[in-house]
$ cat input_35.txt   # compact mmCIF, C-alpha atoms
# COMPACT_ATOMS: atom_id res chain seq x y z
CA MET A 1 5.77 -39.89 139.76
CA GLY A 2 8.90 -37.80 139.36
CA ASP A 3 9.19 -38.61 135.65
CA ALA A 4 5.54 -37.85 135.05
CA LEU A 5 5.87 -34.36 136.44
CA HIS A 6 8.38 -33.44 133.73
CA ARG A 7 6.54 -34.93 130.78
CA LEU A 8 5.06 -32.54 128.24
CA PRO A 9 1.32 -32.77 127.70
CA ALA A 10 0.33 -34.85 124.67
CA ARG A 11 -1.07 -33.08 121.65
CA ALA A 12 -4.78 -33.35 121.07
CA GLY A 13 -5.61 -36.50 119.10
CA ALA A 14 -2.14 -37.92 119.39
CA SER A 15 -1.75 -41.54 120.44
CA LEU A 16 0.28 -42.46 123.44
CA THR A 17 2.69 -44.45 121.28
CA GLU A 18 3.37 -41.63 118.77
CA ARG A 19 7.07 -40.90 118.41
CA VAL A 20 8.26 -37.36 118.61
CA SER A 21 9.95 -36.15 115.39
CA PRO A 22 13.71 -35.83 115.68
CA ARG A 23 15.07 -32.36 116.16
CA PRO A 24 16.07 -30.78 112.82
CA ALA A 25 19.78 -30.44 112.18
CA ASP A 26 21.22 -27.14 113.29
CA VAL A 27 22.95 -25.98 110.11
CA ARG A 28 24.72 -22.71 110.77
CA VAL A 29 25.35 -20.04 108.19
CA GLY A 30 29.07 -19.92 107.58
CA SER A 31 29.75 -23.59 108.13
CA THR A 32 30.75 -26.54 105.97
CA THR A 33 28.26 -28.89 104.36
CA ASP A 34 28.04 -31.05 107.48
CA GLY A 35 26.83 -28.04 109.45
CA LEU A 36 29.35 -28.68 112.19
CA THR A 37 32.76 -27.48 111.11
CA PRO A 38 33.21 -23.68 110.93
CA ILE A 39 34.55 -22.30 107.68
CA SER A 40 37.54 -20.85 109.55
CA VAL A 41 38.91 -24.38 110.03
CA ALA A 42 37.56 -25.98 106.88
CA GLU A 43 40.24 -27.50 104.67
CA ARG A 44 40.94 -25.55 101.46
CA GLN A 45 41.86 -27.34 98.28
CA LEU A 46 45.46 -26.51 97.37
CA GLY A 47 45.87 -28.41 94.11
CA ALA A 48 46.82 -26.52 90.96
CA SER A 49 44.00 -25.59 88.59
CA TRP A 50 44.40 -25.15 84.83
CA PRO A 51 45.18 -21.38 85.11
CA HIS A 52 48.03 -22.25 87.48
CA TRP A 53 49.36 -24.83 85.01
CA VAL A 54 49.15 -22.30 82.17
CA SER A 55 51.10 -19.76 84.23
CA LEU A 56 53.70 -22.35 85.18
CA ALA A 57 54.14 -23.47 81.56
CA ALA A 58 54.40 -19.89 80.29
CA VAL A 59 57.13 -18.96 82.78
CA ALA A 60 59.03 -22.23 82.26
CA LEU A 61 58.93 -21.93 78.46
CA ALA A 62 60.01 -18.27 78.64
CA GLY A 63 62.96 -19.19 80.85
CA LEU A 64 63.89 -22.11 78.62
CA GLY A 65 63.73 -19.98 75.48
CA ALA A 66 65.72 -17.09 76.97
CA ASP A 67 68.48 -19.38 78.21
CA GLN A 68 68.77 -21.32 74.95
CA LEU A 69 68.79 -18.10 72.92
CA THR A 70 71.59 -16.48 74.93
CA LYS A 71 73.67 -19.66 74.79
CA ALA A 72 73.24 -19.82 71.01
CA ILE A 73 74.35 -16.19 70.65
CA VAL A 74 77.43 -16.72 72.81
CA THR A 75 78.52 -19.91 71.06
CA SER A 76 78.04 -18.30 67.63
CA ARG A 77 79.98 -15.13 68.48
CA LEU A 78 82.74 -16.37 70.79
CA ASP A 79 85.04 -19.34 70.55
CA LEU A 80 85.53 -21.52 73.59
CA ASN A 81 87.42 -19.66 76.36
CA ASP A 82 87.12 -16.32 74.55
CA GLU A 83 86.14 -13.41 76.76
CA VAL A 84 84.66 -9.96 76.22
CA HIS A 85 84.93 -7.47 79.08
CA VAL A 86 81.70 -5.59 79.80
CA VAL A 87 82.09 -3.46 82.93
CA GLY A 88 83.97 -3.76 86.21
CA PRO A 89 84.46 -7.42 87.14
CA PHE A 90 81.71 -8.53 84.78
CA SER A 91 82.54 -10.09 81.41
CA ILE A 92 81.08 -12.49 78.84
CA HIS A 93 83.31 -15.54 79.01
CA HIS A 94 82.51 -18.60 76.87
CA VAL A 95 83.19 -21.73 78.95
CA THR A 96 81.57 -25.15 79.33
CA ASN A 97 80.48 -27.01 82.44
CA SER A 98 79.46 -30.66 82.77
CA GLY A 99 78.23 -30.26 86.35
CA ILE A 100 75.36 -28.41 87.94
CA ALA A 101 75.12 -24.73 88.80
CA PHE A 102 78.42 -22.89 89.30
CA GLY A 103 80.56 -25.89 88.31
CA LEU A 104 79.55 -28.29 91.09
CA PHE A 105 79.79 -32.05 90.33
CA ALA A 106 81.51 -31.36 87.03
CA SER A 107 82.77 -34.95 86.68
CA ALA A 108 79.45 -36.71 87.31
CA THR A 109 77.29 -35.84 84.30
CA PRO A 110 75.11 -39.01 84.31
CA ILE A 111 74.33 -38.55 88.00
CA VAL A 112 73.54 -34.87 87.42
CA ILE A 113 71.13 -35.80 84.61
CA LEU A 114 69.38 -38.34 86.84
CA LEU A 115 69.13 -35.98 89.82
CA THR A 116 67.87 -33.13 87.64
CA SER A 117 65.18 -35.35 86.10
CA LEU A 118 64.04 -36.51 89.54
CA ALA A 119 63.99 -32.93 90.83
CA VAL A 120 61.84 -31.72 87.92
CA ALA A 121 59.44 -34.66 88.40
CA TRP A 122 59.15 -33.89 92.12
CA MET A 123 58.50 -30.20 91.43
CA LEU A 124 55.68 -31.07 89.02
CA TYR A 125 54.17 -33.43 91.61
CA PHE A 126 54.46 -30.78 94.32
CA PHE A 127 52.84 -28.17 92.08
CA ALA A 128 49.96 -30.51 91.21
CA ARG A 129 49.16 -30.86 94.92
CA SER A 130 49.99 -27.33 96.16
CA GLY A 131 49.88 -25.03 93.12
CA SER A 132 47.26 -22.71 94.61
CA ARG A 133 48.98 -22.45 97.99
CA HIS A 134 50.53 -19.08 97.09
CA PRO A 135 50.18 -16.82 94.01
CA VAL A 136 53.97 -16.74 93.54
CA LEU A 137 54.31 -20.53 93.18
CA PRO A 138 53.65 -20.71 89.39
CA VAL A 139 56.33 -18.08 88.75
CA ALA A 140 58.86 -19.47 91.26
CA LEU A 141 58.52 -23.08 90.16
CA GLY A 142 58.31 -22.01 86.52
CA LEU A 143 61.71 -20.35 86.79
CA VAL A 144 63.26 -23.35 88.51
CA ILE A 145 61.75 -25.85 86.08
CA GLY A 146 62.59 -23.75 83.02
CA GLY A 147 66.21 -23.33 84.08
CA SER A 148 66.58 -26.97 85.10
CA VAL A 149 65.09 -28.30 81.87
CA SER A 150 67.23 -25.96 79.74
CA ASN A 151 70.46 -27.16 81.36
CA LEU A 152 69.18 -30.75 81.23
CA VAL A 153 68.61 -30.48 77.47
CA ASP A 154 72.20 -29.26 77.01
CA ARG A 155 73.65 -32.07 79.12
CA VAL A 156 71.69 -34.74 77.24
CA ARG A 157 72.42 -33.21 73.82
CA LEU A 158 76.00 -31.98 74.31
CA GLY A 159 77.27 -33.55 77.50
CA HIS A 160 77.80 -30.09 79.04
CA VAL A 161 76.19 -26.67 79.43
CA THR A 162 77.44 -23.33 78.18
CA ASP A 163 78.33 -20.76 80.84
CA PHE A 164 79.14 -17.17 79.93
CA LEU A 165 78.27 -14.81 82.79
CA ASP A 166 81.57 -14.24 84.57
CA LEU A 167 82.01 -12.07 87.66
CA ARG A 168 85.69 -12.94 88.02
CA TYR A 169 85.43 -13.81 91.71
CA TRP A 170 82.63 -16.35 91.18
CA PRO A 171 82.41 -19.41 88.88
CA ALA A 172 80.88 -18.59 85.49
CA PHE A 173 77.16 -19.31 85.11
CA ASN A 174 74.28 -18.80 82.67
CA LEU A 175 70.71 -17.53 82.66
CA ALA A 176 69.35 -20.96 83.61
CA ASP A 177 71.44 -20.95 86.79
CA THR A 178 70.15 -17.46 87.58
CA PHE A 179 66.53 -18.54 87.05
CA ILE A 180 67.05 -21.52 89.35
CA VAL A 181 68.54 -19.43 92.17
CA VAL A 182 65.88 -16.71 91.89
CA GLY A 183 63.09 -19.28 91.65
CA VAL A 184 64.27 -21.23 94.70
CA ALA A 185 64.57 -18.02 96.74
CA ALA A 186 61.05 -16.92 95.70
CA LEU A 187 59.71 -20.41 96.42
CA LEU A 188 61.14 -20.45 99.95
CA LEU A 189 59.80 -16.97 100.70
CA ALA A 190 56.36 -17.93 99.35
CA LEU A 191 56.21 -21.09 101.48
CA VAL A 192 57.32 -19.23 104.60
CA ALA A 193 54.73 -16.51 103.97
CA SER A 194 52.02 -19.11 103.33
CA ASP A 195 52.80 -21.02 106.53
CA HIS A 196 52.90 -17.79 108.55
CA HIS A 197 49.53 -16.73 107.17
CA SER A 198 47.90 -20.11 107.83
CA SER A 199 49.19 -20.17 111.43
CA ARG A 200 47.52 -16.87 112.30
CA PRO A 201 44.26 -17.26 114.28
CA VAL A 202 41.18 -16.56 112.18
CA ARG A 203 38.66 -14.27 113.85
CA ALA A 204 35.03 -14.57 112.89
CA ARG A 205 33.56 -11.34 111.62
CA GLU A 206 30.66 -10.00 113.60
CA ALA A 207 27.51 -9.60 111.59
CA THR A 208 26.64 -5.98 111.01
CA ARG A 209 23.24 -4.93 112.14
CA PRO A 210 20.96 -3.09 109.66
$ encode --input "input_35.txt" --output "structure tokens"
Amino acid sequence: MGDALHRLPARAGASLTERVSPRPADVRVGSTTDGLTPISVAERQLGASWPHWVSLAAVALAGLGADQLTKAIVTSRLDLNDEVHVVGPFSIHHVTNSGIAFGLFASATPIVILLTSLAVAWMLYFFARSGSRHPVLPVALGLVIGGSVSNLVDRVRLGHVTDFLDLRYWPAFNLADTFIVVGVAALLLALVASDHHSSRPVRAREATRP
């Protein structure tokens, strides 16, 4: 008797065995396609799109061209170990380096070539998966890749790279080294900013009443 008291009256003409239609899915405005997960926690695709790849290639090619051009000018105007004073401690000093940036690992050229190739491959893989994570990523990684590839080309072709920017109290370097340092710094700042932004709680906006 207790169950009967809580039963809804049957519709007119409906059989006793008629099944009640299932309740329609509650799909909320501002939710994902399953109607359950709010947009605020929906996963956003971070892979690089073709505009990101175009930006990365443009920056990398510009860095590669600028570094190769300056090296060609220095080698054509100055003999090895020649130096031209510019201002203060800064001078143009034609030297060679078989290592990585700032003269590190100068006696391990094959290892440097291998490590540089692996680093460039990893950066391309990372960009393919996270290129849209931050607007600065195409520029930052473009600088790093452009500088790395330019020095890599010199090591494969000549067995060394040309350095010419000399600050007297610091090992001589070139534009490629500068691009790599600036690109890595921008990349780290972009990743930190991206992680900080994603960790902030997202507040749903209240609908405005007409």
$ atom_distance --input "input_35.txt" --atom1 "CA of Val120 (chain A)" --atom2 "CA of Val144 (chain A)"
8.5 Å
$ atom_distance --input "input_35.txt" --atom1 "CA of Leu78 (chain A)" --atom2 "CA of Ala60 (chain A)"
27.0 Å
$ closest_residue --input "input_35.txt" --among "A:Leu187, A:Leu114, A:Leu175, A:Thr96" --to "His160 (chain A)" --atoms "all atoms listed in the file"
A:Thr96
$ atom_distance --input "input_35.txt" --atom1 "CA of Pro51 (chain A)" --atom2 "CA of Ala186 (chain A)"
19.6 Å
$ closest_residue --input "input_35.txt" --among "A:Met123, A:Val87, A:Ile92, A:Leu46" --to "Gly142 (chain A)" --atoms "only C-alpha atoms"
A:Met123
$ residues_near_point --input "input_35.txt" --point "(76.0, -18.4, 70.2)" --cutoff "12 Å" --atoms "all atoms listed in the file" --output "PDB file with C-alpha atoms, in the frame of the given file"
ATOM      1  CA  ASP A  67      68.480 -19.380  78.210  1.00  0.00           C
ATOM      2  CA  GLN A  68      68.770 -21.320  74.950  1.00  0.00           C
ATOM      3  CA  LEU A  69      68.790 -18.100  72.920  1.00  0.00           C
ATOM      4  CA  THR A  70      71.590 -16.480  74.930  1.00  0.00           C
ATOM      5  CA  LYS A  71      73.670 -19.660  74.790  1.00  0.00           C
ATOM      6  CA  ALA A  72      73.240 -19.820  71.010  1.00  0.00           C
ATOM      7  CA  ILE A  73      74.350 -16.190  70.650  1.00  0.00           C
ATOM      8  CA  VAL A  74      77.430 -16.720  72.810  1.00  0.00           C
ATOM      9  CA  THR A  75      78.520 -19.910  71.060  1.00  0.00           C
ATOM     10  CA  SER A  76      78.040 -18.300  67.630  1.00  0.00           C
ATOM     11  CA  ARG A  77      79.980 -15.130  68.480  1.00  0.00           C
ATOM     12  CA  LEU A  78      82.740 -16.370  70.790  1.00  0.00           C
ATOM     13  CA  ASP A  79      85.040 -19.340  70.550  1.00  0.00           C
ATOM     14  CA  LEU A  80      85.530 -21.520  73.590  1.00  0.00           C
ATOM     15  CA  ILE A  92      81.080 -12.490  78.840  1.00  0.00           C
ATOM     16  CA  HIS A  93      83.310 -15.540  79.010  1.00  0.00           C
ATOM     17  CA  HIS A  94      82.510 -18.600  76.870  1.00  0.00           C
ATOM     18  CA  VAL A  95      83.190 -21.730  78.950  1.00  0.00           C
ATOM     19  CA  THR A 162      77.440 -23.330  78.180  1.00  0.00           C
ATOM     20  CA  ASP A 163      78.330 -20.760  80.840  1.00  0.00           C
ATOM     21  CA  PHE A 164      79.140 -17.170  79.930  1.00  0.00           C
TER      22      PHE A 164
END
$ closest_residue --input "input_35.txt" --among "A:Ala128, A:Leu165, A:Leu158, A:Val139" --to "Ile180 (chain A)" --atoms "all atoms listed in the file"
A:Val139
$ residues_around --input "input_35.txt" --residues "Leu56 (chain A)" --least-positions-apart "5" --cutoff "9 Å" --atoms "all atoms listed in the file" --output "PyMOL selection string"
chain A and resi 51+61+137-143+145
$ closest_residue --input "input_35.txt" --among "A:Ser98, A:Phe127, A:Ala62, A:Val84" --to "Gly159 (chain A)" --atoms "all atoms listed in the file"
A:Ser98
$ closest_residue --input "input_35.txt" --among "A:Thr116, A:Asp82, A:Gly131, A:Arg157" --to "Val54 (chain A)" --atoms "only C-alpha atoms"
A:Gly131
$ closest_residue --input "input_35.txt" --among "A:Gln45, A:Ser55, A:Thr109, A:Asn174" --to "Leu152 (chain A)" --atoms "all atoms listed in the file"
A:Thr109
$ residues_around --input "input_35.txt" --residues "Tyr125 (chain A)" --least-positions-apart "6" --cutoff "12 Å" --atoms "all atoms listed in the file" --output "list of chain:residue names"
A:Gly47, A:Ala48, A:Trp53, A:Leu118, A:Ala119, A:Gly131, A:Leu141
$ residues_around --input "input_35.txt" --residues "Arg168 (chain A)" --least-positions-apart "6" --cutoff "9 Å" --atoms "all atoms listed in the file" --output "number ranges by chain"
A: 89-91
$ decode --input "input_35.txt" --residues "region 38-183 of chain A" --atoms "C-alpha atoms" --output "compact mmCIF listing (two decimals), in the first residue's frame"
# COMPACT_ATOMS: atom_id res chain seq x y z
CA PRO A 38 32.03 22.59 -17.64
CA ILE A 39 34.02 24.53 -20.18
CA SER A 40 36.18 25.95 -17.37
CA VAL A 41 37.80 22.53 -16.93
CA ALA A 42 37.57 21.29 -20.50
CA GLU A 43 40.93 20.36 -22.00
CA ARG A 44 42.22 22.80 -24.62
CA GLN A 45 44.20 21.58 -27.59
CA LEU A 46 47.77 22.85 -27.32
CA GLY A 47 49.30 21.49 -30.52
CA ALA A 48 50.83 23.89 -33.02
CA SER A 49 48.68 24.91 -35.98
CA TRP A 50 50.03 25.92 -39.39
CA PRO A 51 50.22 29.67 -38.47
CA HIS A 52 52.41 28.71 -35.50
CA TRP A 53 54.67 26.65 -37.75
CA VAL A 54 54.93 29.53 -40.22
CA SER A 55 55.91 31.91 -37.41
CA LEU A 56 58.46 29.45 -36.06
CA ALA A 57 60.00 28.91 -39.50
CA ALA A 58 60.15 32.65 -40.22
CA VAL A 59 61.96 33.44 -36.96
CA ALA A 60 64.32 30.46 -37.29
CA LEU A 61 65.23 31.31 -40.89
CA ALA A 62 65.75 34.97 -39.99
CA GLY A 63 68.07 34.01 -37.14
CA LEU A 64 69.94 31.54 -39.33
CA GLY A 65 70.38 34.08 -42.12
CA ALA A 66 71.50 36.89 -39.80
CA ASP A 67 74.08 34.69 -38.08
CA GLN A 68 75.50 33.28 -41.32
CA LEU A 69 75.67 36.75 -42.88
CA THR A 70 77.58 38.30 -39.97
CA LYS A 71 80.00 35.37 -39.87
CA ALA A 72 80.64 35.72 -43.61
CA ILE A 73 81.34 39.45 -43.21
CA VAL A 74 83.76 38.89 -40.33
CA THR A 75 85.68 36.09 -42.05
CA SER A 76 85.96 38.13 -45.26
CA ARG A 77 87.18 41.31 -43.53
CA LEU A 78 89.33 39.99 -40.68
CA ASP A 79 91.97 37.31 -40.59
CA LEU A 80 91.87 34.75 -37.81
CA ASN A 81 92.68 36.35 -34.41
CA ASP A 82 92.47 39.88 -35.84
CA GLU A 83 90.57 42.34 -33.68
CA VAL A 84 88.87 45.69 -34.22
CA HIS A 85 88.03 47.75 -31.15
CA VAL A 86 84.52 49.21 -31.18
CA VAL A 87 83.76 50.88 -27.84
CA GLY A 88 84.69 50.28 -24.22
CA PRO A 89 85.37 46.58 -23.62
CA PHE A 90 83.53 45.59 -26.78
CA SER A 91 85.44 44.61 -29.92
CA ILE A 92 85.06 42.50 -33.06
CA HIS A 93 87.52 39.66 -32.61
CA HIS A 94 87.73 36.89 -35.22
CA VAL A 95 88.20 33.56 -33.41
CA THR A 96 86.98 29.99 -33.91
CA ASN A 97 85.32 27.61 -31.48
CA SER A 98 84.72 23.87 -31.88
CA GLY A 99 82.51 23.64 -28.78
CA ILE A 100 79.11 24.98 -27.88
CA ALA A 101 78.18 28.46 -26.71
CA PHE A 102 80.96 30.50 -25.08
CA GLY A 103 83.65 27.87 -25.74
CA LEU A 104 82.22 25.01 -23.67
CA PHE A 105 83.13 21.43 -24.75
CA ALA A 106 85.60 22.75 -27.31
CA SER A 107 87.35 19.37 -27.70
CA ALA A 108 84.22 17.25 -28.26
CA THR A 109 82.88 18.36 -31.64
CA PRO A 110 81.20 15.04 -32.63
CA ILE A 111 79.39 14.89 -29.29
CA VAL A 112 78.33 18.53 -29.64
CA ILE A 113 76.92 17.81 -33.12
CA LEU A 114 74.96 14.83 -31.79
CA LEU A 115 73.61 16.70 -28.76
CA THR A 116 72.64 19.72 -30.87
CA SER A 117 70.78 17.52 -33.36
CA LEU A 118 68.89 15.77 -30.55
CA ALA A 119 68.05 19.11 -28.93
CA VAL A 120 66.64 20.53 -32.18
CA ALA A 121 64.59 17.35 -32.76
CA TRP A 122 63.19 17.55 -29.22
CA MET A 123 62.30 21.23 -29.63
CA LEU A 124 60.38 20.47 -32.84
CA TYR A 125 58.53 17.64 -31.08
CA PHE A 126 57.73 19.88 -28.12
CA PHE A 127 56.47 22.63 -30.42
CA ALA A 128 54.27 20.20 -32.34
CA ARG A 129 52.52 19.24 -29.08
CA SER A 130 52.53 22.62 -27.26
CA GLY A 131 52.97 25.32 -29.92
CA SER A 132 49.77 27.15 -28.99
CA ARG A 133 50.45 27.07 -25.26
CA HIS A 134 51.75 30.65 -25.28
CA PRO A 135 51.98 33.31 -28.05
CA VAL A 136 55.71 33.78 -27.39
CA LEU A 137 56.61 30.13 -28.07
CA PRO A 138 57.05 30.45 -31.88
CA VAL A 139 59.45 33.37 -31.41
CA ALA A 140 61.34 31.86 -28.46
CA LEU A 141 61.78 28.42 -30.02
CA GLY A 142 62.43 30.00 -33.41
CA LEU A 143 65.40 31.89 -31.99
CA VAL A 144 66.78 28.81 -30.25
CA ILE A 145 66.32 26.57 -33.28
CA GLY A 146 67.69 29.17 -35.71
CA GLY A 147 70.81 29.74 -33.61
CA SER A 148 71.34 26.04 -32.95
CA VAL A 149 70.97 25.07 -36.61
CA SER A 150 73.30 27.87 -37.75
CA ASN A 151 76.08 26.74 -35.41
CA LEU A 152 75.35 23.11 -36.31
CA VAL A 153 75.80 23.87 -40.02
CA ASP A 154 79.20 25.45 -39.28
CA ARG A 155 80.36 22.51 -37.19
CA VAL A 156 79.34 19.98 -39.84
CA ARG A 157 80.78 22.05 -42.71
CA LEU A 158 83.90 23.51 -41.07
CA GLY A 159 84.44 21.60 -37.84
CA HIS A 160 84.08 24.83 -35.83
CA VAL A 161 82.02 28.00 -35.54
CA THR A 162 83.13 31.59 -35.98
CA ASP A 163 82.93 33.82 -32.90
CA PHE A 164 83.50 37.55 -33.12
CA LEU A 165 81.59 39.39 -30.38
CA ASP A 166 84.18 39.98 -27.68
CA LEU A 167 83.47 41.71 -24.36
CA ARG A 168 87.00 41.12 -23.06
CA TYR A 169 85.84 39.70 -19.72
CA TRP A 170 83.64 37.03 -21.33
CA PRO A 171 84.45 34.33 -23.93
CA ALA A 172 83.81 35.50 -27.50
CA PHE A 173 80.46 34.52 -29.01
CA ASN A 174 78.32 35.12 -32.10
CA LEU A 175 74.76 36.06 -32.99
CA ALA A 176 73.63 32.42 -32.88
CA ASP A 177 74.75 32.16 -29.25
CA THR A 178 72.87 35.36 -28.48
CA PHE A 179 69.70 34.06 -30.14
CA ILE A 180 69.93 30.83 -28.15
CA VAL A 181 70.32 32.61 -24.80
CA VAL A 182 67.52 35.11 -25.52
CA GLY A 183 65.25 32.35 -26.85
